[in-house]
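K.L.:
Below you'll find protein-v4.txt; it's compact mmCIF, N, CA and C atoms.
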# COMPACT_ATOMS: atom_id res chain seq x y z
N MET A 1 -40.55 -111.85 12.51
CA MET A 1 -39.77 -111.17 13.51
C MET A 1 -40.48 -109.87 13.88
N LYS A 2 -40.75 -109.73 15.16
CA LYS A 2 -41.47 -108.56 15.64
C LYS A 2 -40.49 -107.41 15.88
N ILE A 3 -40.84 -106.24 15.38
CA ILE A 3 -39.99 -105.06 15.53
C ILE A 3 -40.87 -103.91 16.03
N THR A 4 -40.52 -103.40 17.20
CA THR A 4 -41.30 -102.32 17.81
C THR A 4 -40.36 -101.18 18.22
N ASN A 5 -40.89 -100.23 18.97
CA ASN A 5 -40.06 -99.15 19.50
C ASN A 5 -38.95 -99.69 20.39
N LYS A 6 -39.21 -100.81 21.07
CA LYS A 6 -38.16 -101.41 21.90
C LYS A 6 -36.94 -101.73 21.06
N SER A 7 -37.16 -102.31 19.88
CA SER A 7 -36.06 -102.64 18.98
C SER A 7 -35.33 -101.37 18.56
N PHE A 8 -36.09 -100.36 18.18
CA PHE A 8 -35.52 -99.10 17.72
C PHE A 8 -34.64 -98.48 18.80
N TYR A 9 -35.14 -98.41 20.04
CA TYR A 9 -34.38 -97.81 21.13
C TYR A 9 -33.20 -98.68 21.53
N ALA A 10 -33.35 -99.99 21.46
CA ALA A 10 -32.23 -100.89 21.75
C ALA A 10 -31.11 -100.67 20.73
N LEU A 11 -31.48 -100.51 19.47
CA LEU A 11 -30.48 -100.26 18.43
C LEU A 11 -29.81 -98.90 18.63
N LYS A 12 -30.59 -97.88 19.02
CA LYS A 12 -30.00 -96.57 19.30
C LYS A 12 -29.00 -96.66 20.45
N PHE A 13 -29.38 -97.38 21.50
CA PHE A 13 -28.50 -97.56 22.65
C PHE A 13 -27.21 -98.25 22.21
N MET A 14 -27.34 -99.32 21.44
CA MET A 14 -26.17 -100.08 21.02
C MET A 14 -25.28 -99.28 20.08
N LEU A 15 -25.86 -98.50 19.19
CA LEU A 15 -25.05 -97.65 18.30
C LEU A 15 -24.27 -96.61 19.10
N ASN A 16 -24.93 -96.00 20.06
CA ASN A 16 -24.24 -95.03 20.91
C ASN A 16 -23.12 -95.70 21.70
N LEU A 17 -23.37 -96.89 22.19
CA LEU A 17 -22.37 -97.62 22.96
C LEU A 17 -21.19 -98.04 22.07
N ALA A 18 -21.49 -98.49 20.87
CA ALA A 18 -20.45 -98.97 19.96
C ALA A 18 -19.56 -97.85 19.44
N THR A 19 -20.02 -96.62 19.50
CA THR A 19 -19.21 -95.50 18.99
C THR A 19 -18.36 -94.85 20.08
N LEU A 20 -18.45 -95.37 21.29
CA LEU A 20 -17.61 -94.84 22.38
C LEU A 20 -16.18 -95.33 22.21
N PRO A 21 -15.22 -94.61 22.79
CA PRO A 21 -13.83 -95.10 22.77
C PRO A 21 -13.75 -96.45 23.49
N ALA A 22 -12.66 -97.18 23.27
CA ALA A 22 -12.46 -98.49 23.91
C ALA A 22 -12.73 -98.40 25.41
N ASN A 23 -13.46 -99.37 25.92
CA ASN A 23 -13.86 -99.44 27.33
C ASN A 23 -14.71 -98.26 27.78
N GLY A 24 -15.29 -97.53 26.83
CA GLY A 24 -16.18 -96.42 27.16
C GLY A 24 -17.47 -96.94 27.78
N ARG A 25 -18.05 -96.11 28.61
CA ARG A 25 -19.29 -96.49 29.30
C ARG A 25 -20.39 -95.49 28.98
N LEU A 26 -21.60 -95.98 29.03
CA LEU A 26 -22.77 -95.17 28.71
C LEU A 26 -23.78 -95.35 29.83
N THR A 27 -24.37 -94.25 30.28
CA THR A 27 -25.41 -94.36 31.30
C THR A 27 -26.78 -94.27 30.64
N VAL A 28 -27.73 -94.94 31.25
CA VAL A 28 -29.09 -94.90 30.74
C VAL A 28 -29.63 -93.47 30.83
N ALA A 29 -29.37 -92.81 31.94
CA ALA A 29 -29.88 -91.44 32.11
C ALA A 29 -29.30 -90.51 31.05
N GLY A 30 -28.01 -90.63 30.78
CA GLY A 30 -27.37 -89.78 29.79
C GLY A 30 -27.96 -89.98 28.40
N LEU A 31 -28.13 -91.23 28.01
CA LEU A 31 -28.67 -91.49 26.68
C LEU A 31 -30.15 -91.14 26.59
N ALA A 32 -30.89 -91.42 27.65
CA ALA A 32 -32.31 -91.10 27.66
C ALA A 32 -32.51 -89.60 27.43
N HIS A 33 -31.67 -88.80 28.08
CA HIS A 33 -31.76 -87.35 27.91
C HIS A 33 -31.35 -86.95 26.50
N LYS A 34 -30.23 -87.50 26.02
CA LYS A 34 -29.71 -87.14 24.70
C LYS A 34 -30.68 -87.51 23.58
N GLU A 35 -31.29 -88.68 23.67
CA GLU A 35 -32.15 -89.19 22.61
C GLU A 35 -33.64 -88.94 22.85
N ASN A 36 -33.96 -88.27 23.98
CA ASN A 36 -35.36 -87.97 24.32
C ASN A 36 -36.21 -89.24 24.42
N ILE A 37 -35.71 -90.19 25.22
CA ILE A 37 -36.38 -91.47 25.45
C ILE A 37 -36.73 -91.54 26.94
N SER A 38 -37.83 -92.15 27.27
CA SER A 38 -38.19 -92.35 28.67
C SER A 38 -37.10 -93.18 29.36
N GLU A 39 -36.59 -92.66 30.46
CA GLU A 39 -35.51 -93.34 31.17
C GLU A 39 -35.95 -94.72 31.67
N LYS A 40 -37.17 -94.81 32.20
CA LYS A 40 -37.66 -96.11 32.70
C LYS A 40 -37.79 -97.12 31.57
N PHE A 41 -38.29 -96.67 30.43
CA PHE A 41 -38.45 -97.56 29.28
C PHE A 41 -37.08 -98.04 28.81
N LEU A 42 -36.12 -97.11 28.72
CA LEU A 42 -34.77 -97.48 28.29
C LEU A 42 -34.11 -98.41 29.29
N GLU A 43 -34.33 -98.19 30.59
CA GLU A 43 -33.77 -99.09 31.61
C GLU A 43 -34.26 -100.52 31.41
N SER A 44 -35.55 -100.67 31.11
CA SER A 44 -36.09 -102.02 30.91
C SER A 44 -35.49 -102.68 29.66
N ILE A 45 -35.24 -101.90 28.64
CA ILE A 45 -34.63 -102.42 27.41
C ILE A 45 -33.18 -102.84 27.68
N VAL A 46 -32.44 -102.00 28.38
CA VAL A 46 -31.04 -102.29 28.66
C VAL A 46 -30.93 -103.52 29.57
N ALA A 47 -31.87 -103.69 30.48
CA ALA A 47 -31.87 -104.88 31.33
C ALA A 47 -31.99 -106.16 30.48
N MET A 48 -32.81 -106.11 29.44
CA MET A 48 -32.95 -107.26 28.55
C MET A 48 -31.65 -107.50 27.76
N LEU A 49 -31.03 -106.43 27.31
CA LEU A 49 -29.76 -106.56 26.60
C LEU A 49 -28.70 -107.16 27.52
N LYS A 50 -28.70 -106.73 28.78
CA LYS A 50 -27.73 -107.24 29.75
C LYS A 50 -27.97 -108.72 30.03
N SER A 51 -29.22 -109.11 30.20
CA SER A 51 -29.51 -110.50 30.51
C SER A 51 -29.17 -111.43 29.34
N ASN A 52 -29.05 -110.87 28.15
CA ASN A 52 -28.66 -111.65 26.98
C ASN A 52 -27.17 -111.53 26.67
N GLY A 53 -26.41 -110.86 27.54
CA GLY A 53 -24.97 -110.75 27.39
C GLY A 53 -24.51 -109.76 26.32
N ILE A 54 -25.42 -108.96 25.81
CA ILE A 54 -25.06 -108.02 24.75
C ILE A 54 -24.36 -106.79 25.33
N VAL A 55 -24.75 -106.42 26.55
CA VAL A 55 -24.06 -105.35 27.27
C VAL A 55 -23.67 -105.86 28.66
N LYS A 56 -22.70 -105.20 29.25
CA LYS A 56 -22.27 -105.48 30.62
C LYS A 56 -22.41 -104.19 31.40
N SER A 57 -22.49 -104.31 32.71
CA SER A 57 -22.60 -103.10 33.52
C SER A 57 -21.45 -103.02 34.52
N LYS A 58 -21.14 -101.79 34.90
CA LYS A 58 -20.14 -101.52 35.92
C LYS A 58 -20.76 -100.54 36.90
N ARG A 59 -20.73 -100.89 38.15
CA ARG A 59 -21.33 -100.03 39.17
C ARG A 59 -20.30 -99.05 39.72
N GLY A 60 -20.81 -98.06 40.41
CA GLY A 60 -19.95 -97.12 41.11
C GLY A 60 -19.53 -95.93 40.26
N ALA A 61 -18.58 -95.18 40.81
CA ALA A 61 -18.08 -93.99 40.11
C ALA A 61 -17.48 -94.41 38.78
N GLY A 62 -17.86 -93.70 37.75
CA GLY A 62 -17.38 -94.05 36.40
C GLY A 62 -18.07 -95.27 35.84
N GLY A 63 -19.16 -95.66 36.47
CA GLY A 63 -19.89 -96.84 36.03
C GLY A 63 -20.79 -96.55 34.85
N GLY A 64 -21.47 -97.56 34.44
CA GLY A 64 -22.39 -97.46 33.32
C GLY A 64 -22.39 -98.76 32.55
N TYR A 65 -22.80 -98.71 31.32
CA TYR A 65 -22.87 -99.90 30.49
C TYR A 65 -21.75 -99.88 29.45
N LEU A 66 -21.20 -101.05 29.20
CA LEU A 66 -20.21 -101.21 28.16
C LEU A 66 -20.62 -102.36 27.27
N ILE A 67 -20.09 -102.38 26.08
CA ILE A 67 -20.48 -103.37 25.09
C ILE A 67 -19.98 -104.75 25.53
N GLY A 68 -20.81 -105.77 25.31
CA GLY A 68 -20.49 -107.11 25.78
C GLY A 68 -19.61 -107.92 24.84
N ASN A 69 -19.47 -107.47 23.61
CA ASN A 69 -18.69 -108.20 22.61
C ASN A 69 -18.25 -107.20 21.54
N SER A 70 -17.43 -107.66 20.64
CA SER A 70 -17.01 -106.81 19.53
C SER A 70 -18.23 -106.47 18.67
N PRO A 71 -18.36 -105.21 18.24
CA PRO A 71 -19.49 -104.84 17.38
C PRO A 71 -19.57 -105.68 16.10
N SER A 72 -18.45 -106.23 15.66
CA SER A 72 -18.47 -107.07 14.46
C SER A 72 -19.08 -108.44 14.73
N LYS A 73 -19.24 -108.78 16.00
CA LYS A 73 -19.83 -110.08 16.36
C LYS A 73 -21.28 -109.96 16.84
N ILE A 74 -21.77 -108.74 16.94
CA ILE A 74 -23.15 -108.53 17.39
C ILE A 74 -24.01 -108.24 16.17
N THR A 75 -24.97 -109.12 15.92
CA THR A 75 -25.86 -108.90 14.78
C THR A 75 -27.06 -108.08 15.22
N ILE A 76 -27.66 -107.42 14.27
CA ILE A 76 -28.86 -106.63 14.55
C ILE A 76 -29.97 -107.57 15.00
N LYS A 77 -30.01 -108.75 14.41
CA LYS A 77 -31.02 -109.73 14.82
C LYS A 77 -30.87 -110.08 16.30
N SER A 78 -29.64 -110.27 16.77
CA SER A 78 -29.45 -110.64 18.18
C SER A 78 -29.94 -109.54 19.11
N ILE A 79 -29.79 -108.29 18.71
CA ILE A 79 -30.28 -107.18 19.53
C ILE A 79 -31.81 -107.18 19.56
N ILE A 80 -32.41 -107.34 18.38
CA ILE A 80 -33.87 -107.33 18.30
C ILE A 80 -34.47 -108.52 19.07
N VAL A 81 -33.90 -109.69 18.89
CA VAL A 81 -34.40 -110.89 19.57
C VAL A 81 -34.29 -110.73 21.09
N ALA A 82 -33.24 -110.04 21.55
CA ALA A 82 -33.05 -109.85 22.99
C ALA A 82 -34.15 -109.03 23.64
N VAL A 83 -34.76 -108.12 22.88
CA VAL A 83 -35.74 -107.21 23.50
C VAL A 83 -37.19 -107.47 23.08
N GLU A 84 -37.40 -108.29 22.07
CA GLU A 84 -38.75 -108.53 21.58
C GLU A 84 -39.26 -109.90 22.00
N SER A 85 -40.56 -110.06 21.97
CA SER A 85 -41.18 -111.35 22.26
C SER A 85 -40.94 -112.28 21.09
N ASP A 86 -41.27 -113.53 21.27
CA ASP A 86 -41.06 -114.54 20.22
C ASP A 86 -42.10 -114.49 19.12
N SER A 87 -43.09 -113.63 19.26
CA SER A 87 -44.16 -113.62 18.26
C SER A 87 -43.67 -113.05 16.94
N LYS A 88 -44.39 -113.39 15.90
CA LYS A 88 -44.04 -112.92 14.57
C LYS A 88 -44.49 -111.48 14.40
N GLY A 89 -43.87 -110.83 13.42
CA GLY A 89 -44.16 -109.42 13.17
C GLY A 89 -45.59 -109.17 12.75
N PHE A 90 -46.12 -110.04 11.91
CA PHE A 90 -47.50 -109.90 11.47
C PHE A 90 -48.18 -111.25 11.61
N GLN A 91 -49.28 -111.28 12.29
CA GLN A 91 -50.04 -112.51 12.45
C GLN A 91 -51.44 -112.29 11.93
N PRO A 92 -51.73 -112.92 10.78
CA PRO A 92 -53.08 -112.77 10.24
C PRO A 92 -54.11 -113.39 11.16
N PRO A 93 -55.35 -112.97 11.06
CA PRO A 93 -56.40 -113.54 11.91
C PRO A 93 -56.49 -115.05 11.71
N TYR A 94 -56.80 -115.73 12.77
CA TYR A 94 -56.87 -117.19 12.72
C TYR A 94 -58.32 -117.60 12.47
N ASN A 95 -58.55 -118.30 11.39
CA ASN A 95 -59.88 -118.80 11.06
C ASN A 95 -59.88 -120.32 11.12
N GLU A 96 -60.92 -120.89 11.66
CA GLU A 96 -61.04 -122.35 11.73
C GLU A 96 -62.34 -122.73 11.08
N PRO A 97 -62.43 -123.59 10.13
CA PRO A 97 -61.29 -124.24 9.48
C PRO A 97 -60.59 -123.26 8.53
N ALA A 98 -59.30 -123.49 8.33
CA ALA A 98 -58.52 -122.60 7.47
C ALA A 98 -58.96 -122.76 6.01
N LEU A 99 -59.21 -121.66 5.39
CA LEU A 99 -59.54 -121.65 3.97
C LEU A 99 -58.24 -121.64 3.17
N HIS A 100 -58.34 -121.97 1.88
CA HIS A 100 -57.15 -121.95 1.03
C HIS A 100 -56.50 -120.58 1.02
N THR A 101 -57.30 -119.54 1.00
CA THR A 101 -56.74 -118.19 1.00
C THR A 101 -55.95 -117.95 2.29
N ASP A 102 -56.47 -118.43 3.43
CA ASP A 102 -55.77 -118.28 4.70
C ASP A 102 -54.42 -118.99 4.66
N LEU A 103 -54.41 -120.20 4.14
CA LEU A 103 -53.17 -120.98 4.09
C LEU A 103 -52.12 -120.31 3.22
N VAL A 104 -52.53 -119.82 2.08
CA VAL A 104 -51.60 -119.16 1.16
C VAL A 104 -51.06 -117.88 1.79
N LEU A 105 -51.93 -117.08 2.39
CA LEU A 105 -51.49 -115.82 2.99
C LEU A 105 -50.60 -116.06 4.21
N ARG A 106 -50.94 -117.05 5.04
CA ARG A 106 -50.10 -117.37 6.21
C ARG A 106 -48.71 -117.80 5.76
N ALA A 107 -48.65 -118.63 4.72
CA ALA A 107 -47.35 -119.08 4.20
C ALA A 107 -46.54 -117.89 3.70
N MET A 108 -47.20 -116.96 3.03
CA MET A 108 -46.50 -115.78 2.53
C MET A 108 -45.93 -114.95 3.68
N PHE A 109 -46.74 -114.71 4.72
CA PHE A 109 -46.26 -113.92 5.85
C PHE A 109 -45.18 -114.65 6.64
N ASP A 110 -45.27 -115.97 6.72
CA ASP A 110 -44.20 -116.74 7.38
C ASP A 110 -42.89 -116.59 6.61
N GLU A 111 -42.98 -116.64 5.30
CA GLU A 111 -41.79 -116.47 4.46
C GLU A 111 -41.21 -115.07 4.62
N MET A 112 -42.08 -114.07 4.69
CA MET A 112 -41.63 -112.70 4.90
C MET A 112 -40.91 -112.58 6.24
N ASP A 113 -41.47 -113.19 7.27
CA ASP A 113 -40.88 -113.14 8.60
C ASP A 113 -39.48 -113.77 8.59
N GLU A 114 -39.33 -114.88 7.92
CA GLU A 114 -38.02 -115.54 7.82
C GLU A 114 -37.04 -114.68 7.04
N SER A 115 -37.49 -114.01 5.99
CA SER A 115 -36.63 -113.13 5.19
C SER A 115 -36.13 -111.96 6.02
N VAL A 116 -37.00 -111.38 6.80
CA VAL A 116 -36.62 -110.25 7.66
C VAL A 116 -35.56 -110.72 8.67
N GLY A 117 -35.78 -111.89 9.25
CA GLY A 117 -34.80 -112.44 10.20
C GLY A 117 -33.44 -112.65 9.57
N ARG A 118 -33.42 -113.21 8.37
CA ARG A 118 -32.14 -113.42 7.66
C ARG A 118 -31.48 -112.08 7.31
N PHE A 119 -32.29 -111.11 6.92
CA PHE A 119 -31.77 -109.78 6.60
C PHE A 119 -31.02 -109.20 7.80
N PHE A 120 -31.66 -109.19 8.98
CA PHE A 120 -31.05 -108.62 10.17
C PHE A 120 -29.90 -109.48 10.70
N GLU A 121 -29.90 -110.75 10.37
CA GLU A 121 -28.82 -111.63 10.80
C GLU A 121 -27.52 -111.31 10.05
N ASN A 122 -27.65 -110.73 8.87
CA ASN A 122 -26.49 -110.43 8.05
C ASN A 122 -25.96 -109.00 8.22
N ILE A 123 -26.52 -108.27 9.16
CA ILE A 123 -26.05 -106.91 9.44
C ILE A 123 -25.48 -106.90 10.85
N THR A 124 -24.26 -106.41 10.97
CA THR A 124 -23.64 -106.32 12.30
C THR A 124 -23.70 -104.89 12.81
N LEU A 125 -23.50 -104.78 14.10
CA LEU A 125 -23.44 -103.46 14.72
C LEU A 125 -22.26 -102.67 14.13
N ALA A 126 -21.16 -103.35 13.84
CA ALA A 126 -19.99 -102.68 13.26
C ALA A 126 -20.32 -102.06 11.90
N SER A 127 -21.13 -102.75 11.10
CA SER A 127 -21.47 -102.19 9.79
C SER A 127 -22.33 -100.93 9.92
N LEU A 128 -23.17 -100.87 10.94
CA LEU A 128 -23.96 -99.66 11.17
C LEU A 128 -23.08 -98.52 11.68
N VAL A 129 -22.09 -98.87 12.50
CA VAL A 129 -21.16 -97.85 12.99
C VAL A 129 -20.39 -97.26 11.81
N GLU A 130 -19.97 -98.11 10.86
CA GLU A 130 -19.28 -97.61 9.66
C GLU A 130 -20.16 -96.64 8.89
N LYS A 131 -21.44 -96.97 8.75
CA LYS A 131 -22.36 -96.07 8.04
C LYS A 131 -22.50 -94.75 8.78
N MET A 132 -22.56 -94.81 10.11
CA MET A 132 -22.64 -93.58 10.90
C MET A 132 -21.41 -92.72 10.69
N GLU A 133 -20.25 -93.36 10.66
CA GLU A 133 -19.01 -92.60 10.48
C GLU A 133 -18.96 -91.96 9.10
N MET A 134 -19.44 -92.66 8.08
CA MET A 134 -19.48 -92.08 6.74
C MET A 134 -20.43 -90.90 6.69
N LEU A 135 -21.55 -90.99 7.38
CA LEU A 135 -22.51 -89.88 7.41
C LEU A 135 -22.01 -88.72 8.25
N GLY A 136 -21.17 -89.02 9.23
CA GLY A 136 -20.68 -88.00 10.15
C GLY A 136 -20.01 -86.85 9.45
N ASP A 137 -19.29 -87.14 8.38
CA ASP A 137 -18.61 -86.07 7.64
C ASP A 137 -19.58 -85.19 6.89
N ASN A 138 -20.74 -85.72 6.57
CA ASN A 138 -21.71 -84.98 5.77
C ASN A 138 -22.90 -84.50 6.57
N GLU A 139 -22.87 -84.72 7.88
CA GLU A 139 -24.00 -84.37 8.72
C GLU A 139 -24.18 -82.85 8.76
N MET A 140 -25.40 -82.42 8.67
CA MET A 140 -25.70 -81.00 8.74
C MET A 140 -26.51 -80.72 9.99
N PHE A 141 -26.15 -79.67 10.68
CA PHE A 141 -26.86 -79.29 11.89
C PHE A 141 -27.56 -77.96 11.64
N TYR A 142 -28.79 -77.87 12.06
CA TYR A 142 -29.55 -76.65 11.91
C TYR A 142 -29.90 -76.09 13.28
N ILE A 143 -29.80 -74.79 13.40
CA ILE A 143 -30.14 -74.14 14.68
C ILE A 143 -31.33 -73.24 14.44
Show this structure as structure tokens.

P.N.:
Amino acid sequence: MKITNKSFYALKFMLNLATLPANGRLTVAGLAHKENISEKFLESIVAMLKSNGIVKSKRGAGGGYLIGNSPSKITIKSIIVAVESDSKGFQPPYNEPALHTDLVLRAMFDEMDESVGRFFENITLASLVEKMEMLGDNEMFYI
């Protein structure tokens, strides 16, 4: 499973969206400014989330993005898969003919990739929101 900055920013967007009040909306410009992310880059990420049904949009006054489903039904894996390519996280160099060492190492990295996918499949957006809320009471701000 490939994980890049796109995944990180998609997760930040979704966490911010999931912590809004019911039917709350989030704008790309607002979050880009708040999180110091390129607005164009974030727009492209949100477009991918929208095309996968993870977020919905509302146009016009009071418009923006809203969550497409309950945070308890959105897995972290679904968010990552929505914004990343199908390639694996680590792809060892391809040698022909494959040596025994190549075969063993490829199998190991394939297993690692599957483990990472299962790990993220078992974490929901709601569980991350709960962690944020627990940290919220202990958050320290420095000026």

K.L.:
Extract, using all atoms listed in the file, all DNA, RNA and protein residues at most 8 Å from segment 47-49 of chain A, discarding same-chain residues fewer than 3 positions from it, and format them as a list in words.

P.N.:
Ala10, Phe41, Leu42, Glu43, Ser44, Asn52, Gly53, Ile54, Val55, Lys56, Ile79, Val81, Ala82, Val83 and Glu84 of chain A

K.L.:
If we count only N, CA and C atoms and set the cut-off at 8 Å, which residues sit around segment 60-70 of chain A, ignoring sequence neighbours fewer than 5 positions away in its own chain? Please answer as a ChimeraX atom specification.

P.N.:
/A:14,17-18,23-28,53-55,75,125-126

K.L.:
Could you please determine the separation between atom C of Ala107 of chain A and atom CA of Lys77 of chain A in Å, to one decimal place?

P.N.:
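Going from atom C of Ala107 of chain A over to atom CA of Lys77 of chain A covers 20.8 Å.
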
K.L.:
Quick one, how far is atom N of Ile76 of chain A from atom CA of Lys40 of chain A?

P.N.:
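Between these atoms lies a distance of 23.8 Å.
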
K.L.:
Step one, run DSSP on the backbone; step two, keep only residues of segment 28-73 of chain A assigned to helix (DSSP H, G or I); then write them as a ChimeraX atom specification.

P.N.:
/A:28-35,39-51,71-73

K.L.:
Mind pulling up the distance from atom CA of Ser127 of chain A to atom CA of Ser85 of chain A?

P.N.:
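About the pair atom CA of Ser85 of chain A and atom CA of Ser127 of chain A: they are 25.1 Å apart.
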
K.L.:
Using only N, CA and C atoms, which residues sit within 5 Å of segment 109-116 of chain A once same-chain residues fewer than 4 positions away are excluded, as a list in words?

P.N.:
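Listed by chain and then number, they are Met1, Leu105 and Phe120 of chain A.
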
K.L.:
Can you list, as a list in words, every residue of segment 11-128 of chain A that DSSP puts in strand (DSSP E)?

P.N.:
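For segment 11-128 of chain A, the strand (DSSP E) set is Val55, Lys56, Ser57, Lys58, Gly64, Tyr65, Leu66 and Ile67 of chain A.
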
K.L.:
Go through A:Phe8, A:Phe13, A:Lys50, A:Leu128 and flag the residue nearest His33 of chain A, using only C-alpha atoms for the distances.

P.N.:
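Ranking A:Phe8, A:Phe13, A:Lys50, A:Leu128 by distance to His33 of chain A, first place goes to A:Phe13.
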